[in-house]
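Here the structure is laid out as structure tokens; the discussion comes afterwards.
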Amino acid sequence: MKAMSRRQALLLGGVGVAGTAVGAAGLFWTLASPPGPVTASELIQPQEERSGDGQLQVRLEAGPGRIQIAGRAASALGYNGGIPGPTLRVRGGDVLRIKLVNNLVQTTNLHVHGLHVSPEGNGDNVFVSVEPGGSFDYEYRLPKDHPPGVYWYHPHHHGTVADQIFAGLFGAIVIDEPEPIKTSAERVLVISDTRLDALGNIPAVPAMERMIGREGELVLVNGQTNPQLRGRPGERERWRIINACVSRHLRLRLDGQQLQLLGIDSGRFSEPEEVEELLLAPGNRADLLVTASTGDSVLRALYQNRGSMPGMMGPRLGPRSPADQPDGIALATFRISGEPAVPLTAVPSYQGQPDLRSSAVAARRQLVLTAGMGMGRGPGMMRFTINGREFNEARTDTTVAAGTVEEWTLTNASPMDHPFHLHIWPMQIIEENGQPVATVRWQDVVNVPANGRVKVRVAFKDFRGRSVYHCHILDHEDLGMMGIIEVR
Ligand code: C2O
Ligand code: CU
Ligand code: CU
């Protein structure tokens, strides 16, 4: 780890209030969050990198640093000194090149979550390892008709994914549609959780909590606790919300404002959906229009029951019960004042959402997710498996013919939820617990409820190669709940 020059440190801050504490060994950046009471500070947008002439080239340095979290100095990790890292803004047809530089003391790599790009070579290849001090040049070629929406990037080196994200390694990717919707503001809200000990370090997470799926007590928006956002009555904003928490489901409300959901994860619905509440499993994103009315509203994460531990009576998963926290966790405060804005025209309907419900299905598969006591990991340790097997990098679990449509039944044979994620190829949700889904819904993370089942269809088009599917409770993924798919 090298110290940085003052100039570099300033460049990393991006918003003009960056700290410049340079020189202490290993602590070469401080985050942009202002010191002092972080609550009620203005929401900061991560630095944005936008493509031009069909290209975007960025350098992402994963490294340790000193940052303000919840008003305290903490030792964390970040990309280019930020939590989150820079927002990458691209369009269908673009080439995105990322040089990943590893300034960590551990192996890492990069995954572009949700992007429909090649999984091979220097594409979205999760089998690449970037060692400490090393770097890797990724290149992602987005198809011209890539679904618009909000995506994200994070490390994907098996075994340390949860720890590295919990420490701060994540950032947003936005894919703009050719004709963007008219709005008065666009914001990225990356929601993450973490934990700090008395010294401002992120403590190691005990085995029991990994099995449950860790939930950090500090829930942050763009690295801040309960920041505020300001708008005028009648203004329509577009919020890109990412659930970057390792294991926490986010049941979100913003009472008092009008919410229209444009899409979840990948692409857009044909018409915006009026919603009062939004459930984002770990890894999910929401593309949301917020029309301001009056007064102050708090964006809250309400308690979400995600089951209980297999074989254990006692407590529900997650650190809080609804009784402890009836109002949930305050994530951000939206303050509305001033002259009413001129209303914007209605959102045009969106074409270009494929529908596989009437497609010919080339194969039907069952994927069974289990979490149970078993041999192999030692006393008291559970095994997290898909179709009875833990992850093995050398084994290919599922082989698919390129160009075909398949129907997968995801069955959860455990008493806790597992959000199922497939790389590269998004999934259309066909059925939930036996009930057909009436609208066209594409997602890349699909929550499979405790003892429940979800049917999805996938078009394995455009790319071949080896990639993965896994539980996006990333502790479960690191513990083995991941399989390998090869499309050929
Ligand atoms: Cu968000 Cu396999 O990852
Ligand atoms: Cu992913
Ligand atoms: Cu899981």
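Each chain in the structure tokens gets a letter, A, B and so on, in the order shown; residues start at 1 in every chain, and ligands are counted from 1 in the order they appear.
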Worksheet item: ligand 1: which residues are within 9 Å, counting only C-alpha atoms and all ligand atoms, as an MDAnalysis selection string?
Response: chainID A and resid 111:114 126 152:156 161 244 282:284 421:423 445 467:472 474 477 482
Margin query: Around ligand 3, which protein and nucleic acid residues have at least one atom no more than 7 Å from it, if we count only C-alpha atoms and all ligand atoms? List them as number ranges by chain.
Written below: A: 417-419, 471-473, 476, 481
Using N, CA, C and O atoms, can you write the selected residues to a file as a PDB file, in the first residue's frame?
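The new file result-v4.pdb reads:
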```
ATOM      1  N   ASP A 417     -35.452 -17.731   3.610  1.00  0.00           N
ATOM      2  CA  ASP A 417     -35.486 -17.264   2.218  1.00  0.00           C
ATOM      3  C   ASP A 417     -34.105 -17.366   1.580  1.00  0.00           C
ATOM      4  O   ASP A 417     -33.089 -17.138   2.242  1.00  0.00           O
ATOM      5  N   HIS A 418     -34.071 -17.650   0.274  1.00  0.00           N
ATOM      6  CA  HIS A 418     -32.823 -17.574  -0.488  1.00  0.00           C
ATOM      7  C   HIS A 418     -33.076 -16.781  -1.772  1.00  0.00           C
ATOM      8  O   HIS A 418     -33.797 -17.253  -2.654  1.00  0.00           O
ATOM      9  N   PRO A 419     -32.509 -15.585  -1.884  1.00  0.00           N
ATOM     10  CA  PRO A 419     -32.629 -14.838  -3.138  1.00  0.00           C
ATOM     11  C   PRO A 419     -31.691 -15.433  -4.201  1.00  0.00           C
ATOM     12  O   PRO A 419     -30.475 -15.370  -4.058  1.00  0.00           O
ATOM     13  N   CYS A 471     -27.050 -18.077  -4.306  1.00  0.00           N
ATOM     14  CA  CYS A 471     -27.870 -17.313  -3.375  1.00  0.00           C
ATOM     15  C   CYS A 471     -27.196 -15.961  -3.183  1.00  0.00           C
ATOM     16  O   CYS A 471     -25.985 -15.879  -2.981  1.00  0.00           O
ATOM     17  N   HIS A 472     -27.987 -14.860  -3.241  1.00  0.00           N
ATOM     18  CA  HIS A 472     -27.383 -13.535  -3.058  1.00  0.00           C
ATOM     19  C   HIS A 472     -27.399 -13.079  -1.604  1.00  0.00           C
ATOM     20  O   HIS A 472     -27.090 -11.920  -1.301  1.00  0.00           O
ATOM     21  N   ILE A 473     -27.741 -13.973  -0.668  1.00  0.00           N
ATOM     22  CA  ILE A 473     -27.296 -13.762   0.711  1.00  0.00           C
ATOM     23  C   ILE A 473     -25.847 -14.212   0.625  1.00  0.00           C
ATOM     24  O   ILE A 473     -25.546 -15.404   0.526  1.00  0.00           O
ATOM     25  N   HIS A 476     -24.213 -17.019   2.314  1.00  0.00           N
ATOM     26  CA  HIS A 476     -24.573 -18.358   1.833  1.00  0.00           C
ATOM     27  C   HIS A 476     -23.768 -18.728   0.589  1.00  0.00           C
ATOM     28  O   HIS A 476     -23.320 -19.857   0.439  1.00  0.00           O
ATOM     29  N   MET A 481     -23.357 -22.090  -1.504  1.00  0.00           N
ATOM     30  CA  MET A 481     -24.633 -22.149  -2.227  1.00  0.00           C
ATOM     31  C   MET A 481     -24.494 -21.467  -3.585  1.00  0.00           C
ATOM     32  O   MET A 481     -25.034 -20.393  -3.832  1.00  0.00           O
TER      33      MET A 481
END
```
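Non-sequential neighbours of Asn125 (chain A) (distance at most 9 Å, separation of 5 or more positions within a chain, only C-alpha atoms) are Asn109, Leu110, His111, Ser118, Pro119, Glu120, Tyr138, Arg466 and Ser467 of chain A.
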Suppose we keep C-alpha atoms; can you now write the selection as a PDB file, in the first residue's frame?
```pdb
ATOM      1  CA  ASN A 109     -11.881  -9.519  -8.792  1.00  0.00           C
ATOM      2  CA  LEU A 110     -14.824  -7.671 -10.333  1.00  0.00           C
ATOM      3  CA  HIS A 111     -18.358  -8.639 -11.294  1.00  0.00           C
ATOM      4  CA  SER A 118     -19.936 -12.217 -22.281  1.00  0.00           C
ATOM      5  CA  PRO A 119     -18.809 -14.245 -19.240  1.00  0.00           C
ATOM      6  CA  GLU A 120     -15.610 -15.337 -20.981  1.00  0.00           C
ATOM      7  CA  TYR A 138     -11.880  -6.042 -18.041  1.00  0.00           C
ATOM      8  CA  ARG A 466     -19.164 -20.611 -18.097  1.00  0.00           C
ATOM      9  CA  SER A 467     -20.709 -18.565 -15.336  1.00  0.00           C
TER      10      SER A 467
END
```
I'd like the neighbourhood of region 166-176 of chain A as an MDAnalysis selection string, where a residue qualifies if any of its atoms comes within 8 Å (using only C-alpha atoms), though same-chain residues fewer than 5 positions away should be ignored. chainID A and resid 62 76:79 83:92 147:155 188 190 192:194 202 242 244:246
Review point. Using only C-alpha atoms and all ligand atoms, which of the listed residues (A:Ala450, A:Ile424, A:Leu262, A:Ile181) sits closest to ligand 2?
Key: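 With only C-alpha atoms and all ligand atoms as the atom set, the closest residue is A:Ile424.
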For this session: Name the residues of region 137-366 of chain A that come out as helix (DSSP H, G or I) in a backbone DSSP run; write them as a list in words.
Result: Val161, Ala162, Asp163, Gln164, Ile165, Phe166, Ala207, Met208, Glu209, Arg210, Met211 and Ile212 of chain A
| If you run DSSP on this backbone, which residues of region 78-124 of chain A come out as strand (DSSP E), and could you give them as a list in words? |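 The strand (DSSP E) residues within region 78-124 of chain A come out as Gly78, Tyr79, Thr87, Leu88, Arg89, Val90, Arg91, Val95, Leu96, Arg97, Ile98, Lys99, Leu100, Val101, Asn102, His111, Val112 and His113 of chain A.
Ranking A:Ile485, A:Leu479, A:Val105, A:Leu280 by their shortest atom-to-atom distance to Ala162 (chain A), with only C-alpha atoms included, puts A:Leu479 first.
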query: Between A:Glu407, A:Glu393, A:Asp444, A:Glu235, which is the closest to ligand 2 once you count only C-alpha atoms and all ligand atoms?
result: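 Looking only at the distances to ligand 2, the closest residue turns out to be A:Asp444.
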